[in-house]
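Take a look at the structure below.
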Amino acid sequence: METFSIEELKEIAKTLFQEAVAAVDPYQRLKEVFQIEKSHLRIEAPDGPAVDLDLNDFTNIYLIGAGKASAPMAQAVEEAFGSRVTKGLVITKTGHSLPLKRTEIIEAGHPIPDQKGVEATKRIIQLLKDSGPRDLVLFLLSGGASALMPMPANAILLEEKQEVTQLLLDCGADIKEINTIRKHISQIKGGRLAQLAYPSRVFGFILSDIVGDPLDAIGSGPTVPDSSTFEEAWEILRKYNLLNEVAPSVYRHLESGKEGKIPETPKPGDVSFGRVQNLLVGSNLLALQAAAGRSKSLGFNTLILSSSMVGETRDVARFHAAIAREIVQHGNPVQKPACLISGGETTVTIKGNGRGGRNQEFALAGAIEIEGIEKIILLSGGTDGTDGPTDAAGAVSDSTTIARARRIGLNPRTHLENNDAYPFFKALGDLLMTGPTRTNVMDVRIMLVA
């Protein structure tokens with residue numbers, strides 16, 4: 001294999017990241033699922049048997065959805081179904097819409113829900129209530145749906161739900177914990193969309209942004225039986241000392257649910273799910289496998305570490321750096337030139353007031369660990385093109401990053417402790433900028449050791 005410079009290796013890492021994102025393009029994933037000939041619909045389930053339907057059996061076909069990838073998913077459905085779509089409405093993140101013919105797209109707030117999302121969700125609920133046993137509902141779900149499709153329960157105000165979401169984000173709660181809370185203060189999540197649609201026939205097409213791909217957690221599982229409980233939601237708030245921080249309406253609602261005064265979310269066996277089929281059409285592992293294939297073709301000894309990396313971002317960065325040092329010193333677990341790939345979704349416990357995201361923080365924490373050690377590249381990026389409240393997908397660092405930063409007057413540890421990785425990498429020209437990718441399967445990390 002030829003010898004690459006640091007800059008060439010950084011470009012290779014970016015290419016591998018692009019390959020990962022392309023593999024989970026929601027438009028292409030949906031195009032591969034549908035086959036329509038005359039009135040016959042065949043749905044090729046990626047992980048299960050094919051489904052055959054006669055479209056003449058349905059009076060109406062409704063297209064609904066929510067998530068960062070819902071627009072291209074809807075585009076694929078429209079192209080397959082054409083004028084057969086009676087009505088469509090999907091909710092996506094601001095800046096992620098596409099021009100569609102039969103489907104209305106509403107842009108709403110993410111990660112903090114807003115009133116636009118509430119109003120759009122009301123319209124979806126009304127559409128579902130109007131549907132009947134001879135109707136087909138195609139539901140498109142991807143990452144971001146939990147925030148984009150909000151409908152607070154009972155007396156809870158949107159502002160109070162926003163506050164709960166922000167408190168959980170700030171204290172480092174993981175996405176499953178956040179979604180457990182969301183399900184139990186919502187009118188539509190945790191299987192309740194399936195209840196609203198019953199007795200219509202429902203097909204859910206799901207692009208996973210949750211570690212392990214649990215369908216009941218993705219987008220807070222609107223069409224999936226909910227395994228979580230009010231008791232668990234209550235304990236999550238207790239765990240993070242938030243019981244006295246949330247609004248009284250949220251406290252009372254969860255307390256009432258815990259005491260059995262409010263019906264639980266629908267569980268397995270509920271009649272609503274007898275007319276529902278959910279299909280997983282894309283995942284983090286699929287993205288990692290695509291990057292690994294490209295890496296091998298370039299001559300790298302390649303290993304996928306895991307698609308389920310969780311925990312504190314800095315700890316995960318130190319773990320990756322330790323493997324890089326092991327490769328340099330002992331050729332273990334693979335020989336140089338090496339490419340290690342991982343995915344998942346880490347968390348950052350915010351202690352500073354800087355600007356950044358978990359992927360940029362990974363790159364900065366990792367850079368400190370690999371300073372001066374031969375040719376090592378660390379890339380971490382969100383497959384949705386967004387990292388935290390920034391316009392960057394992530395960042396790229398290498399074994400020269402810290403030295404280059406000090407030469408221009410940057411203190412790496414100060415930036416790290418202040419959760420301020422964005423200006424650090426912007427000054428170095430090492431932000432990973434992709435713009436909205438309109439997909440979302442969590443994060444992809446590429447580590448090259450040459």
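Ordering of the structure tokens sets the chain letters (A, B, ...); residue numbers start at 1 within each chain; ligands are numbered from 1 in the order shown.
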
Worksheet item: Residues at most 9 Å from A:Lys116, counting only C-alpha atoms, excluding those fewer than 6 positions away in the same chain, as a PyMOL selection string?
Response: chain A and resi 106-109+148

Fill in: Contacts of A:Thr229 within 8 Å, only C-alpha atoms, excl. fewer than 3 positions in-chain, as a PyMOL selection string
chain A and resi 180+184+226+232-233+258+264-265

Worksheet item: Can you tell me, as JSON, numbers by chain, what residues are no more than 8 Å from A:Ala76 when counting only C-alpha atoms, ignoring any on the same chain fewer than 2 positions away?
Response: {"A": [27, 28, 30, 31, 72, 73, 74, 78, 79, 80]}

Export of prior selection with C-alpha atoms as a compact mmCIF listing (two decimals), in the first residue's frame:
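So part.txt came out as:
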# COMPACT_ATOMS: atom_id res chain seq x y z
CA TYR A 27 -34.81 7.43 -0.55
CA GLN A 28 -32.80 4.49 -1.87
CA LEU A 30 -37.43 2.84 0.49
CA LYS A 31 -37.11 2.44 -3.29
CA PRO A 72 -36.84 11.63 1.06
CA MET A 73 -38.73 8.62 2.43
CA ALA A 74 -41.99 10.28 1.35
CA GLU A 78 -44.81 9.03 -3.86
CA GLU A 79 -42.81 7.78 -6.82
CA ALA A 80 -43.89 4.21 -6.14

According to DSSP computed on the backbone, where in stretch 103-140 of chain A is there alpha helix (DSSP H)? Give the residues as a JSON list (two decimals) with N, CA and C atoms, in the first residue's frame.
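See selection10.json below for the written result:
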[["chain", "number", "residue", "atom", "x", "y", "z"],
["A", 115, "GLN", "N", -44.27, 24.83, 18.49],
["A", 115, "GLN", "CA", -45.70, 24.86, 18.22],
["A", 115, "GLN", "C", -46.02, 24.37, 16.82],
["A", 116, "LYS", "N", -45.12, 24.57, 15.88],
["A", 116, "LYS", "CA", -45.34, 24.06, 14.52],
["A", 116, "LYS", "C", -45.49, 22.54, 14.54],
["A", 117, "GLY", "N", -44.65, 21.89, 15.34],
["A", 117, "GLY", "CA", -44.74, 20.44, 15.46],
["A", 117, "GLY", "C", -46.05, 20.01, 16.09],
["A", 118, "VAL", "N", -46.50, 20.76, 17.09],
["A", 118, "VAL", "CA", -47.77, 20.44, 17.76],
["A", 118, "VAL", "C", -48.93, 20.55, 16.78],
["A", 119, "GLU", "N", -48.98, 21.64, 16.03],
["A", 119, "GLU", "CA", -50.09, 21.84, 15.08],
["A", 119, "GLU", "C", -50.08, 20.77, 13.99],
["A", 120, "ALA", "N", -48.89, 20.41, 13.50],
["A", 120, "ALA", "CA", -48.80, 19.36, 12.48],
["A", 120, "ALA", "C", -49.24, 18.01, 13.03],
["A", 121, "THR", "N", -48.87, 17.74, 14.28],
["A", 121, "THR", "CA", -49.26, 16.48, 14.91],
["A", 121, "THR", "C", -50.77, 16.40, 15.10],
["A", 122, "LYS", "N", -51.38, 17.52, 15.45],
["A", 122, "LYS", "CA", -52.84, 17.55, 15.57],
["A", 122, "LYS", "C", -53.49, 17.12, 14.25],
["A", 123, "ARG", "N", -52.93, 17.58, 13.15],
["A", 123, "ARG", "CA", -53.49, 17.24, 11.83],
["A", 123, "ARG", "C", -53.30, 15.76, 11.52],
["A", 124, "ILE", "N", -52.17, 15.20, 11.93],
["A", 124, "ILE", "CA", -51.95, 13.76, 11.74],
["A", 124, "ILE", "C", -52.95, 12.96, 12.57],
["A", 125, "ILE", "N", -53.17, 13.39, 13.80],
["A", 125, "ILE", "CA", -54.12, 12.70, 14.67],
["A", 125, "ILE", "C", -55.52, 12.74, 14.06],
["A", 126, "GLN", "N", -55.93, 13.88, 13.52],
["A", 126, "GLN", "CA", -57.25, 13.99, 12.92],
["A", 126, "GLN", "C", -57.37, 13.09, 11.70],
["A", 127, "LEU", "N", -56.31, 13.04, 10.89],
["A", 127, "LEU", "CA", -56.31, 12.18, 9.71],
["A", 127, "LEU", "C", -56.48, 10.72, 10.13],
["A", 128, "LEU", "N", -55.79, 10.31, 11.17],
["A", 128, "LEU", "CA", -55.89, 8.93, 11.65],
["A", 128, "LEU", "C", -57.28, 8.63, 12.20],
["A", 129, "LYS", "N", -57.85, 9.59, 12.91],
["A", 129, "LYS", "CA", -59.20, 9.40, 13.45],
["A", 129, "LYS", "C", -60.23, 9.25, 12.33],
["A", 130, "ASP", "N", -59.97, 9.89, 11.18],
["A", 130, "ASP", "CA", -60.89, 9.83, 10.04],
["A", 130, "ASP", "C", -60.72, 8.56, 9.21]]

Worksheet entry | Expected answer as a PyMOL selection string: strand (DSSP E or B) residues in stretch 7-106 of chain A | chain A and resi 34-37+40-43+51-54+60-66+87-93+103-106

Item to complete: Write out as a list in words the residues lying within 7 Å of A:Lys189, counting only C-alpha atoms and excluding same-chain residues fewer than 4 positions away.
Response: Lys183, Leu193, Ser220, Gly221 and Pro222 of chain A

Worksheet entry | Long-range neighbours of A:Lys176 as a ChimeraX atom specification, 10 Å cut-off, only C-alpha atoms, 5 positions minimum in chain | /A:181-182,210-211,214,216-220,228

Selected residues written out with C-alpha atoms, as a CSV table (one decimal), in the first residue's frame:
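Saved to selection.csv:
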chain,number,residue,atom,x,y,z
A,181,ILE,CA,-40.2,10.3,29.5
A,182,ARG,CA,-41.5,11.5,26.1
A,210,ILE,CA,-31.1,4.1,18.4
A,211,VAL,CA,-28.4,1.7,19.6
A,214,PRO,CA,-35.2,-1.4,19.4
A,216,ASP,CA,-40.2,0.7,20.7
A,217,ALA,CA,-37.5,3.4,21.3
A,218,ILE,CA,-37.0,4.8,17.7
A,219,GLY,CA,-39.0,8.0,17.6
A,220,SER,CA,-40.5,6.9,20.9
A,228,SER,CA,-41.6,1.1,29.4

List every residue of stretch 173-252 of chain A that has an atom at most 12 Å from any atom of stretch 51-59 of chain A, and for each one report the closest atom pair and its distance in Å to one decimal, counting only C-alpha atoms, with rows sorted by chain and then by increasing residue number, as JSON lines.
{"residue": "A:Ser200", "atom": "CA", "partner": "A:Phe58", "partner_atom": "CA", "distance": 9.5}
{"residue": "A:Arg201", "atom": "CA", "partner": "A:Phe58", "partner_atom": "CA", "distance": 9.1}
{"residue": "A:Val202", "atom": "CA", "partner": "A:Phe58", "partner_atom": "CA", "distance": 11.7}
{"residue": "A:Phe203", "atom": "CA", "partner": "A:Val51", "partner_atom": "CA", "distance": 10.4}

Discussion item. Need the shell around A:Ser97: protein/DNA/RNA residues with any atom at most 7 Å away, counting only C-alpha atoms. Skip same-chain ones fewer than 4 positions apart. Format as a VMD selection string?
Written reply: chain A and resid 71 92 105 107

Each stretch 201-262 of chain A residue no farther than 12 Å from stretch 383-400 of chain A, nearest pair in Å, only C-alpha atoms, as a tab-separated table:
residue	atom	partner	partner_atom	distance
A:Leu207	CA	A:Asp384	CA	11.7
A:Ser208	CA	A:Thr383	CA	11.5
A:Asp209	CA	A:Thr383	CA	9.5

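Using only C-alpha atoms, the smallest distance between any of A:Gly344, A:Gly381, A:Gly352, A:Gly435 and A:Met309 comes from A:Gly344.
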
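Of the residues under consideration (A:Leu379, A:Leu305, A:Ala365, A:Leu215), A:Leu305 shows the shortest atom-to-atom contact distance to A:Gly343 when counting only C-alpha atoms.
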
Tell me, counting only C-alpha atoms, for each residue of stretch 80-162 of chain A within 10 Å of stretch 251-255 of chain A, which pair of atoms is nearest and how far apart they are in Å to one decimal, in rows ordered by chain and increasing number, as a Markdown table.
| residue | atom | partner | partner_atom | distance |
| --- | --- | --- | --- | --- |
| A:Ala153 | CA | A:His253 | CA | 8.2 |
| A:Asn154 | CA | A:His253 | CA | 7.9 |
| A:Ala155 | CA | A:His253 | CA | 8.4 |
| A:Ile156 | CA | A:His253 | CA | 8.1 |

Include N, CA and C atoms and write out the residues we just selected as a short mmCIF file (atom, residue, chain, number, x, y, z; two decimals), in the first residue's frame.
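To be explicit, this is the file written out as part.cif:
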data_model
loop_
_atom_site.label_atom_id
_atom_site.label_comp_id
_atom_site.auth_asym_id
_atom_site.auth_seq_id
_atom_site.Cartn_x
_atom_site.Cartn_y
_atom_site.Cartn_z
N ALA A 153 -49.51 15.40 26.79
CA ALA A 153 -50.68 14.78 27.42
C ALA A 153 -51.37 15.73 28.38
N ASN A 154 -52.68 15.57 28.46
CA ASN A 154 -53.50 16.25 29.46
C ASN A 154 -53.18 17.74 29.60
N ALA A 155 -52.88 18.16 30.81
CA ALA A 155 -52.70 19.59 31.08
C ALA A 155 -51.27 20.07 30.87
N ILE A 156 -50.41 19.22 30.33
CA ILE A 156 -49.01 19.60 30.14
C ILE A 156 -48.89 20.55 28.94
#
